[in-house]
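Participant: My structure is stored as coords.tsv, with TSV, C-alpha atoms.
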```tsv
chain	number	residue	atom	x	y	z
A	1	MET	CA	-75.25	7.46	31.51
A	2	LEU	CA	-73.06	7.21	34.63
A	3	GLY	CA	-75.81	9.02	36.58
A	4	VAL	CA	-78.39	6.35	35.63
A	5	ILE	CA	-76.03	3.53	36.62
A	6	ARG	CA	-75.26	5.36	39.89
A	7	GLN	CA	-78.97	5.45	40.79
A	8	ARG	CA	-79.47	1.75	40.06
A	9	VAL	CA	-76.36	0.73	42.00
A	10	ALA	CA	-77.41	2.85	44.98
A	11	CYS	CA	-80.83	1.14	44.98
A	12	ARG	CA	-79.07	-2.21	45.35
A	13	GLY	CA	-77.03	-1.01	48.30
A	14	ILE	CA	-73.66	-1.05	46.55
A	15	PRO	CA	-71.28	1.85	47.52
A	16	THR	CA	-71.39	4.17	44.51
A	17	ARG	CA	-67.99	5.77	45.16
A	18	ASN	CA	-66.12	2.49	44.69
A	19	PHE	CA	-68.25	1.59	41.69
A	20	GLU	CA	-67.56	4.91	39.96
A	21	ARG	CA	-63.84	4.54	40.60
A	22	GLY	CA	-63.94	1.11	38.97
A	23	ILE	CA	-65.87	2.40	35.96
A	24	ARG	CA	-63.36	5.18	35.42
A	25	VAL	CA	-60.38	2.83	35.67
A	26	VAL	CA	-61.90	0.47	33.11
A	27	ALA	CA	-62.73	3.41	30.83
A	28	SER	CA	-59.22	4.86	31.05
A	29	ARG	CA	-57.69	1.46	30.26
A	30	SER	CA	-60.01	1.10	27.29
A	31	LEU	CA	-59.09	4.52	25.96
A	32	SER	CA	-55.35	3.97	26.39
A	33	SER	CA	-55.48	0.56	24.72
A	34	THR	CA	-57.21	2.04	21.68
A	35	ALA	CA	-54.89	5.05	21.37
A	36	LYS	CA	-53.96	5.53	17.73
A	37	GLU	CA	-50.35	5.35	16.59
A	38	MET	CA	-49.15	6.59	13.23
A	39	THR	CA	-45.79	6.58	11.49
A	40	VAL	CA	-44.34	9.80	10.13
A	41	ARG	CA	-44.67	8.27	6.65
A	42	GLU	CA	-48.40	7.69	7.19
A	43	ALA	CA	-48.83	11.19	8.61
A	44	LEU	CA	-47.28	12.80	5.53
A	45	ASN	CA	-49.24	10.57	3.17
A	46	SER	CA	-52.55	11.32	4.88
A	47	ALA	CA	-51.86	15.05	4.91
A	48	LEU	CA	-51.12	15.04	1.18
A	49	ASP	CA	-54.19	12.93	0.47
A	50	GLU	CA	-56.55	15.14	2.44
A	51	GLU	CA	-55.23	18.40	1.03
A	52	MET	CA	-55.40	17.07	-2.55
A	53	SER	CA	-58.95	15.91	-1.88
A	54	ALA	CA	-59.97	19.26	-0.40
A	55	ASP	CA	-58.38	21.48	-3.06
A	56	PRO	CA	-58.16	20.50	-6.76
A	57	LYS	CA	-55.38	23.07	-7.23
A	58	VAL	CA	-52.96	20.97	-5.19
A	59	PHE	CA	-50.75	18.60	-7.16
A	60	LEU	CA	-47.59	16.57	-6.51
A	61	MET	CA	-44.56	16.46	-8.79
A	62	GLY	CA	-41.15	14.83	-8.53
A	63	GLU	CA	-39.04	11.79	-9.30
A	64	GLU	CA	-40.79	8.43	-8.77
A	65	VAL	CA	-43.76	9.97	-6.92
A	66	GLY	CA	-46.32	8.23	-9.16
A	67	GLU	CA	-45.79	4.72	-10.52
A	68	TYR	CA	-43.23	3.84	-7.84
A	69	GLN	CA	-45.38	5.60	-5.17
A	70	GLY	CA	-42.46	7.64	-3.91
A	71	ALA	CA	-38.86	6.74	-3.15
A	72	TYR	CA	-39.91	6.50	0.52
A	73	LYS	CA	-43.57	5.60	-0.21
A	74	ILE	CA	-44.85	8.98	1.01
A	75	SER	CA	-47.11	9.23	-2.08
A	76	LYS	CA	-48.43	5.67	-1.83
A	77	GLY	CA	-51.86	5.34	-3.44
A	78	LEU	CA	-52.08	8.94	-4.66
A	79	LEU	CA	-51.55	8.24	-8.38
A	80	GLU	CA	-54.33	5.66	-8.39
A	81	LYS	CA	-56.67	8.05	-6.56
A	82	TYR	CA	-55.93	11.35	-8.34
A	83	GLY	CA	-54.47	10.31	-11.68
A	84	PRO	CA	-51.38	11.36	-13.66
A	85	ASP	CA	-52.55	14.97	-14.08
A	86	ARG	CA	-52.13	15.60	-10.35
A	87	VAL	CA	-49.36	13.12	-9.47
A	88	LEU	CA	-46.61	13.74	-12.00
A	89	ASP	CA	-43.51	11.59	-12.43
A	90	THR	CA	-40.60	13.65	-13.73
A	91	PRO	CA	-37.20	12.94	-15.29
A	92	ILE	CA	-34.09	13.38	-13.14
A	93	THR	CA	-34.05	17.13	-13.69
A	94	GLU	CA	-34.61	19.10	-10.48
A	95	ALA	CA	-34.00	22.44	-12.19
A	96	GLY	CA	-36.67	21.60	-14.76
A	97	PHE	CA	-39.54	20.38	-12.61
A	98	THR	CA	-38.88	22.93	-9.85
A	99	GLY	CA	-39.08	25.73	-12.41
A	100	ILE	CA	-42.33	24.27	-13.77
A	101	GLY	CA	-43.68	24.15	-10.24
A	102	VAL	CA	-42.84	27.78	-9.53
A	103	GLY	CA	-44.47	28.81	-12.81
A	104	ALA	CA	-47.60	26.84	-11.91
A	105	ALA	CA	-47.72	28.59	-8.52
A	106	TYR	CA	-47.56	31.97	-10.29
A	107	TYR	CA	-50.79	30.99	-12.05
A	108	GLY	CA	-52.61	30.03	-8.85
A	109	LEU	CA	-51.98	26.30	-8.61
A	110	LYS	CA	-50.50	24.79	-5.44
A	111	PRO	CA	-47.60	22.50	-6.36
A	112	VAL	CA	-45.91	20.18	-3.89
A	113	ILE	CA	-42.42	19.53	-5.24
A	114	GLU	CA	-40.71	16.43	-3.89
A	115	PHE	CA	-36.93	16.15	-3.86
A	116	MET	CA	-35.64	12.62	-3.42
A	117	THR	CA	-33.19	14.27	-1.02
A	118	PHE	CA	-32.76	17.95	-0.28
A	119	ASN	CA	-29.16	17.66	-1.43
A	120	PHE	CA	-30.61	17.55	-4.96
A	121	SER	CA	-32.41	20.85	-4.36
A	122	MET	CA	-29.08	22.53	-5.03
A	123	GLN	CA	-29.73	21.82	-8.71
A	124	ALA	CA	-32.86	23.97	-8.39
A	125	ILE	CA	-31.75	26.56	-5.85
A	126	ASP	CA	-32.07	29.47	-8.31
A	127	HIS	CA	-35.79	28.74	-8.73
A	128	ILE	CA	-36.28	28.37	-4.97
A	129	ILE	CA	-34.37	31.50	-3.92
A	130	ASN	CA	-34.54	33.93	-6.84
A	131	SER	CA	-37.98	33.01	-8.20
A	132	ALA	CA	-40.15	31.53	-5.44
A	133	ALA	CA	-38.81	33.42	-2.44
A	134	LYS	CA	-38.49	36.89	-3.99
A	135	SER	CA	-41.40	37.21	-6.41
A	136	ASN	CA	-43.97	38.40	-3.89
A	137	TYR	CA	-41.70	41.25	-2.75
A	138	MET	CA	-40.49	42.15	-6.24
A	139	SER	CA	-44.07	42.29	-7.53
A	140	ALA	CA	-45.20	44.54	-4.66
A	141	GLY	CA	-47.47	41.75	-3.41
A	142	GLN	CA	-49.17	41.13	-6.74
A	143	ILE	CA	-47.74	37.62	-7.17
A	144	SER	CA	-48.21	34.91	-4.56
A	145	VAL	CA	-46.18	31.72	-4.81
A	146	PRO	CA	-48.06	28.98	-2.92
A	147	ILE	CA	-45.58	26.15	-3.37
A	148	VAL	CA	-44.11	23.50	-1.05
A	149	PHE	CA	-40.63	22.04	-1.52
A	150	ARG	CA	-40.42	18.84	0.52
A	151	GLY	CA	-38.21	15.78	0.97
A	152	PRO	CA	-35.66	14.18	3.33
A	153	ASN	CA	-33.03	16.48	4.80
A	154	GLY	CA	-29.86	15.95	6.81
A	155	ALA	CA	-27.83	12.85	7.54
A	156	ALA	CA	-29.24	9.39	6.88
A	157	ALA	CA	-26.82	6.45	7.19
A	158	GLY	CA	-23.84	5.63	5.02
A	159	VAL	CA	-24.71	7.93	2.13
A	160	GLY	CA	-21.56	10.05	2.16
A	161	ALA	CA	-20.78	13.74	2.13
A	162	GLN	CA	-22.89	14.71	-0.90
A	163	HIS	CA	-26.14	13.25	0.47
A	164	SER	CA	-25.95	14.12	4.19
A	165	GLN	CA	-26.23	17.89	4.51
A	166	CYS	CA	-28.76	19.73	6.64
A	167	TYR	CA	-30.31	22.65	4.78
A	168	ALA	CA	-32.18	24.25	7.68
A	169	ALA	CA	-29.70	27.11	8.05
A	170	TRP	CA	-29.22	27.43	4.27
A	171	TYR	CA	-32.87	28.10	3.52
A	172	GLY	CA	-33.60	29.60	6.93
A	173	SER	CA	-31.39	32.58	6.08
A	174	CYS	CA	-33.47	33.59	3.03
A	175	PRO	CA	-36.25	36.20	3.36
A	176	GLY	CA	-39.43	35.17	1.55
A	177	LEU	CA	-39.24	31.50	2.51
A	178	LYS	CA	-40.86	29.69	5.39
A	179	VAL	CA	-38.85	26.71	6.63
A	180	LEU	CA	-40.38	23.86	8.65
A	181	ALA	CA	-38.76	20.78	10.21
A	182	PRO	CA	-41.16	18.23	11.74
A	183	TYR	CA	-40.21	15.65	14.34
A	184	SER	CA	-43.29	13.61	15.25
A	185	SER	CA	-46.31	12.36	13.31
A	186	GLU	CA	-48.34	15.23	14.74
A	187	ASP	CA	-45.71	17.67	13.48
A	188	ALA	CA	-45.55	16.05	10.05
A	189	ARG	CA	-49.29	15.98	9.53
A	190	GLY	CA	-50.12	19.40	10.97
A	191	LEU	CA	-47.20	21.29	9.49
A	192	LEU	CA	-47.52	19.80	5.98
A	193	LYS	CA	-51.19	20.80	5.90
A	194	ALA	CA	-50.21	24.29	7.02
A	195	ALA	CA	-47.49	24.45	4.37
A	196	ILE	CA	-49.83	23.44	1.54
A	197	ARG	CA	-52.45	25.98	2.63
A	198	ASP	CA	-49.94	28.81	3.02
A	199	PRO	CA	-49.81	31.47	0.28
A	200	ASP	CA	-46.00	31.70	0.44
A	201	PRO	CA	-43.24	29.25	-0.57
A	202	VAL	CA	-42.45	26.73	2.17
A	203	VAL	CA	-39.36	24.53	2.47
A	204	PHE	CA	-40.42	21.38	4.31
A	205	LEU	CA	-37.47	19.46	5.74
A	206	GLU	CA	-38.25	15.85	6.61
A	207	ASN	CA	-35.86	13.19	7.91
A	208	GLU	CA	-35.40	9.83	6.22
A	209	LEU	CA	-34.67	8.01	9.48
A	210	LEU	CA	-37.93	9.23	11.03
A	211	TYR	CA	-40.26	8.01	8.26
A	212	GLY	CA	-40.78	4.61	9.90
A	213	GLU	CA	-41.01	5.93	13.47
A	214	SER	CA	-44.43	5.63	15.14
A	215	PHE	CA	-45.89	8.27	17.44
A	216	PRO	CA	-49.20	8.45	19.32
A	217	VAL	CA	-51.70	10.81	17.71
A	218	SER	CA	-54.86	12.30	19.14
A	219	ALA	CA	-58.31	12.36	17.59
A	220	GLU	CA	-57.78	16.07	16.99
A	221	THR	CA	-54.62	15.35	14.98
A	222	LEU	CA	-56.50	12.85	12.83
A	223	ASP	CA	-59.27	15.32	12.00
A	224	SER	CA	-59.12	16.53	8.39
A	225	SER	CA	-59.25	20.16	9.57
A	226	PHE	CA	-56.17	19.74	11.79
A	227	CYS	CA	-53.40	22.23	11.13
A	228	LEU	CA	-50.45	23.51	13.17
A	229	PRO	CA	-49.43	27.18	13.20
A	230	ILE	CA	-46.29	28.08	11.30
A	231	GLY	CA	-43.77	29.90	13.48
A	232	LYS	CA	-44.76	28.28	16.78
A	233	ALA	CA	-42.48	25.93	18.72
A	234	LYS	CA	-43.69	23.17	21.05
A	235	VAL	CA	-42.44	22.57	24.59
A	236	GLU	CA	-42.09	18.78	24.48
A	237	ARG	CA	-41.02	18.52	28.10
A	238	ALA	CA	-41.23	21.14	30.84
A	239	GLY	CA	-38.20	21.74	33.06
A	240	LYS	CA	-36.61	24.29	35.36
A	241	ASP	CA	-32.82	23.88	35.21
A	242	VAL	CA	-31.81	24.13	31.54
A	243	THR	CA	-33.47	24.85	28.19
A	244	ILE	CA	-32.55	22.57	25.28
A	245	THR	CA	-33.71	23.47	21.76
A	246	ALA	CA	-33.74	21.00	18.87
A	247	PHE	CA	-35.55	20.19	15.63
A	248	SER	CA	-36.28	17.15	13.48
A	249	LYS	CA	-34.47	13.94	14.52
A	250	MET	CA	-32.50	15.76	17.22
A	251	VAL	CA	-35.70	16.28	19.24
A	252	GLY	CA	-35.80	12.54	19.93
A	253	TYR	CA	-32.16	12.54	20.99
A	254	THR	CA	-32.80	15.52	23.24
A	255	LEU	CA	-35.77	13.83	24.94
A	256	GLN	CA	-33.57	10.79	25.61
A	257	ALA	CA	-30.93	13.09	27.08
A	258	ALA	CA	-33.56	14.75	29.28
A	259	ASP	CA	-34.51	11.34	30.71
A	260	ILE	CA	-30.87	10.67	31.62
A	261	LEU	CA	-30.45	14.14	33.12
A	262	ALA	CA	-33.58	13.69	35.24
A	263	LYS	CA	-32.00	10.66	36.92
A	264	GLU	CA	-29.12	12.92	37.94
A	265	GLY	CA	-31.40	15.59	39.36
A	266	ILE	CA	-31.34	17.97	36.38
A	267	SER	CA	-34.70	19.10	35.04
A	268	ALA	CA	-34.39	19.91	31.33
A	269	GLU	CA	-36.98	21.83	29.32
A	270	VAL	CA	-37.05	20.48	25.74
A	271	ILE	CA	-38.25	22.77	22.95
A	272	ASN	CA	-39.15	21.29	19.57
A	273	LEU	CA	-38.61	24.24	17.22
A	274	ARG	CA	-40.86	22.91	14.43
A	275	SER	CA	-40.40	26.16	12.51
A	276	ILE	CA	-36.92	27.37	11.53
A	277	ARG	CA	-38.18	30.45	9.72
A	278	PRO	CA	-40.04	32.17	11.26
A	279	LEU	CA	-38.30	31.20	14.50
A	280	ASP	CA	-40.34	31.23	17.71
A	281	ARG	CA	-38.06	33.55	19.63
A	282	ALA	CA	-40.72	34.31	22.24
A	283	THR	CA	-41.02	30.68	23.41
A	284	ILE	CA	-37.24	30.21	23.47
A	285	ASN	CA	-36.59	33.38	25.44
A	286	ALA	CA	-39.42	32.73	27.87
A	287	SER	CA	-37.92	29.32	28.63
A	288	VAL	CA	-34.40	30.69	29.09
A	289	ARG	CA	-35.70	33.36	31.46
A	290	LYS	CA	-37.10	30.52	33.57
A	291	THR	CA	-34.18	28.06	33.44
A	292	ASN	CA	-31.32	30.59	33.06
A	293	ARG	CA	-29.36	28.21	30.82
A	294	LEU	CA	-29.45	27.22	27.16
A	295	VAL	CA	-28.19	24.31	25.05
A	296	THR	CA	-28.91	24.32	21.30
A	297	VAL	CA	-28.83	21.06	19.31
A	298	GLU	CA	-28.70	20.55	15.54
A	299	GLU	CA	-27.00	18.14	13.14
A	300	GLY	CA	-25.99	20.79	10.62
A	301	PHE	CA	-22.67	22.59	10.46
A	302	PRO	CA	-21.90	24.83	13.48
A	303	GLN	CA	-20.84	27.98	11.62
A	304	HIS	CA	-23.81	30.24	10.79
A	305	GLY	CA	-26.14	27.49	12.00
A	306	VAL	CA	-29.63	27.52	13.51
A	307	GLY	CA	-28.07	27.26	16.97
A	308	ALA	CA	-25.97	30.35	16.28
A	309	GLU	CA	-29.13	32.32	15.43
A	310	ILE	CA	-30.82	31.13	18.62
A	311	CYS	CA	-27.74	32.13	20.63
A	312	ALA	CA	-27.85	35.61	19.12
A	313	SER	CA	-31.55	35.97	19.90
A	314	VAL	CA	-31.08	34.99	23.54
A	315	LEU	CA	-28.06	37.25	23.98
A	316	GLU	CA	-30.00	40.15	22.48
A	317	ASP	CA	-33.21	39.63	24.47
A	318	SER	CA	-32.36	37.66	27.63
A	319	PHE	CA	-28.63	38.12	28.31
A	320	GLU	CA	-29.16	39.26	31.91
A	321	TYR	CA	-31.04	36.03	32.70
A	322	LEU	CA	-28.19	33.68	31.73
A	323	ASP	CA	-26.30	32.02	34.59
A	324	ALA	CA	-23.87	30.20	32.26
A	325	PRO	CA	-22.54	30.52	28.71
A	326	VAL	CA	-24.72	29.05	25.99
A	327	GLU	CA	-23.72	25.51	24.95
A	328	ARG	CA	-23.96	24.77	21.22
A	329	ILE	CA	-24.15	21.16	19.94
A	330	ALA	CA	-23.86	20.69	16.16
A	331	GLY	CA	-22.43	18.42	13.52
A	332	ALA	CA	-18.69	18.37	12.98
A	333	ASP	CA	-17.35	21.18	10.78
A	334	VAL	CA	-16.25	18.72	8.08
A	335	PRO	CA	-17.89	17.00	5.10
A	336	MET	CA	-19.76	13.92	6.30
A	337	PRO	CA	-17.44	10.86	6.45
A	338	TYR	CA	-18.58	7.65	4.77
A	339	ALA	CA	-17.08	5.24	7.33
A	340	ALA	CA	-19.72	4.33	9.92
A	341	ASN	CA	-17.48	4.91	12.95
A	342	LEU	CA	-16.49	8.37	11.74
A	343	GLU	CA	-20.03	9.19	10.66
A	344	ARG	CA	-21.28	8.58	14.19
A	345	ILE	CA	-18.89	11.05	15.77
A	346	ALA	CA	-19.61	13.63	13.05
A	347	VAL	CA	-23.24	14.07	14.17
A	348	PRO	CA	-24.52	14.84	17.70
A	349	GLN	CA	-25.29	11.88	19.95
A	350	VAL	CA	-27.37	11.66	23.14
A	351	GLU	CA	-24.26	11.63	25.31
A	352	ASP	CA	-23.07	14.91	23.75
A	353	ILE	CA	-26.31	16.61	24.77
A	354	VAL	CA	-26.09	15.21	28.30
A	355	ARG	CA	-22.52	16.44	28.73
A	356	ALA	CA	-23.37	19.91	27.45
A	357	ALA	CA	-26.38	20.25	29.75
A	358	LYS	CA	-24.35	19.12	32.74
A	359	ARG	CA	-21.56	21.57	31.93
A	360	SER	CA	-24.10	24.38	31.78
A	361	CYS	CA	-25.82	23.40	35.01
A	362	TYR	CA	-22.69	22.70	37.04
A	363	ARG	CA	-21.40	26.19	36.38
A	364	SER	CA	-24.12	27.23	38.83
A	365	SER	CA	-23.04	26.87	42.44
A	366	SER	CA	-26.47	25.67	43.57
A	367	LEU	CA	-26.49	22.63	41.27
A	368	ALA	CA	-22.76	22.00	41.56
A	369	ALA	CA	-23.16	21.71	45.33
A	370	THR	CA	-25.65	18.84	44.92
A	371	ALA	CA	-23.71	17.05	42.15
```
Go ahead and render the structure in this file as structure tokens.
Facilitator:
Amino acid sequence: MLGVIRQRVACRGIPTRNFERGIRVVASRSLSSTAKEMTVREALNSALDEEMSADPKVFLMGEEVGEYQGAYKISKGLLEKYGPDRVLDTPITEAGFTGIGVGAAYYGLKPVIEFMTFNFSMQAIDHIINSAAKSNYMSAGQISVPIVFRGPNGAAAGVGAQHSQCYAAWYGSCPGLKVLAPYSSEDARGLLKAAIRDPDPVVFLENELLYGESFPVSAETLDSSFCLPIGKAKVERAGKDVTITAFSKMVGYTLQAADILAKEGISAEVINLRSIRPLDRATINASVRKTNRLVTVEEGFPQHGVGAEICASVLEDSFEYLDAPVERIAGADVPMPYAANLERIAVPQVEDIVRAAKRSCYRSSSLAATA
């Protein structure tokens, strides 16, 4: 089409180079203005909808997922579309409906079990760990357990110690489980589809405070066949001075910290883990071998945390590349306070990440000299 226009413009004596430049500018503005944005809530809802439509074995079960359309409206419209046989409201009995879900998975169905918060999954942890995670191994591969356990994880706001825990390290330590933690709408949509299609049990850790956040999504992301690989991290921002790893809500904080660091001449590479188990050790180590420094960020407890596992991996595989000790940013090693001022200092903030990255970088004489 542009070639035809070019010929006609040339016939009229108009310089084609300037005309083509103008056409491209207008086209790029048109494309950018029509770029699609989607909330994390919408991404999860669309992923559930499409997978339930594609596979009649997929069903959703949990508290208030049907008539109320989900405590956080993730299942909005699904009961009306698929009916009560595939969108099942349950009593407040996590041990009961999780056990039913695992049993259904044994028989070839694909349950998606929603916990109103992952703190309530502790009521069902025997089914998750001893039944779902271990059955494939204990049956010598004869029993697959294609089940997804999903819901909000980690700290929200003002919900106290019993509703604010991060379970990434808890479930990430268990063989037989896959553990995913999305950040963006692309993550949420692609990883949930991958989780539902996977033949093994998947723990899918969402974040309540991200549900309403909007992110740009590509046409590829919106395609019904879109799926992200489990076990692969994403480099959200390339850098050369320090590697910063994070997952879930902390990715956003880390990207904000990277912007601040850039103004001070520090180029931070930000890695969105996406997958806690399996962990993408290759991407992490490749980044550290380039930047020679590492900061890990998580909102869970520091002892035996995800950051501790990443530290161990880097020390085992890339120790000789480190120019400074690893910096580990995590939640405070205390139960979550209820008071808002104490709650804020109990979880990592952007300024904590900035300070840690600067400490790591300024241990190097080359960067310290320019500081």
Participant: Using atom CA of Tyr183 of chain A and atom CA of Lys249 of chain A as the two end points, give the distance in Å to one decimal.
Facilitator: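 Result for atom CA of Tyr183 of chain A versus atom CA of Lys249 of chain A: 6.0 Å, one decimal.
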Participant: So how many Å separate atom CA of Ala286 of chain A and atom CA of Leu273 of chain A, to one decimal?
Facilitator: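 About the pair atom CA of Ala286 of chain A and atom CA of Leu273 of chain A: they are 13.6 Å apart.
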Participant: Between A:Val314, A:Leu78, A:Ala308, A:Ile266, which has the minimum distance to Asn285 of chain A (counting all atoms listed in the file)?
Facilitator: A:Val314
Participant: Please determine, counting all atoms listed in the file, which residue among A:Pro182, A:Gly307, A:Gly239, A:Gly108 has the shortest atom-to-atom distance to Pro146 of chain A.
Facilitator: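 Of A:Pro182, A:Gly307, A:Gly239, A:Gly108, the one nearest Pro146 of chain A, counting all atoms listed in the file, is A:Gly108.
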Participant: Quick one: of A:Tyr82, A:Glu269, A:Glu264, A:Tyr253, who's nearest to Val347 of chain A, counting all atoms listed in the file?
Facilitator: A:Tyr253
Participant: Residues at most 8 Å from Thr90 of chain A, counting only C-alpha atoms, excluding those fewer than 5 positions away in the same chain, as a list in words?
Facilitator: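 The contact residues come out as Met61, Gly62, Glu63, Glu64 and Phe97 of chain A.
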Participant: Please indicate the distance in Å from atom CA of Gly70 of chain A to atom CA of Ala157 of chain A, rounded to one decimal place.
Facilitator: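 Separating atom CA of Gly70 of chain A from atom CA of Ala157 of chain A is a distance of 19.2 Å.
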Participant: Show me, as a list in words, the residues that have an atom within 7 Å of segment 208-224 of chain A when counting all atoms listed in the file, minus same-chain residues fewer than 5 positions from it.
Facilitator: Ala35, Lys36, Glu37, Met38, Thr39, Val40, Arg41, Glu50, Pro152, Ala156, Ser184, Ser185, Glu186 and Lys249 of chain A
Participant: Show me as an MDAnalysis selection string the residues that reach within 10 Å of (-54.9, 23.3, 14.7), counting only C-alpha atoms and using the file's own coordinates.
Facilitator: chainID A and resid 190:191 193:194 220:221 223 225:229
Participant: Return the single residue from A:Val354, A:Met116, A:Val297, A:Ala282 that is closest to Gly331 of chain A, with distances computed using all atoms listed in the file.
Facilitator: A:Val297
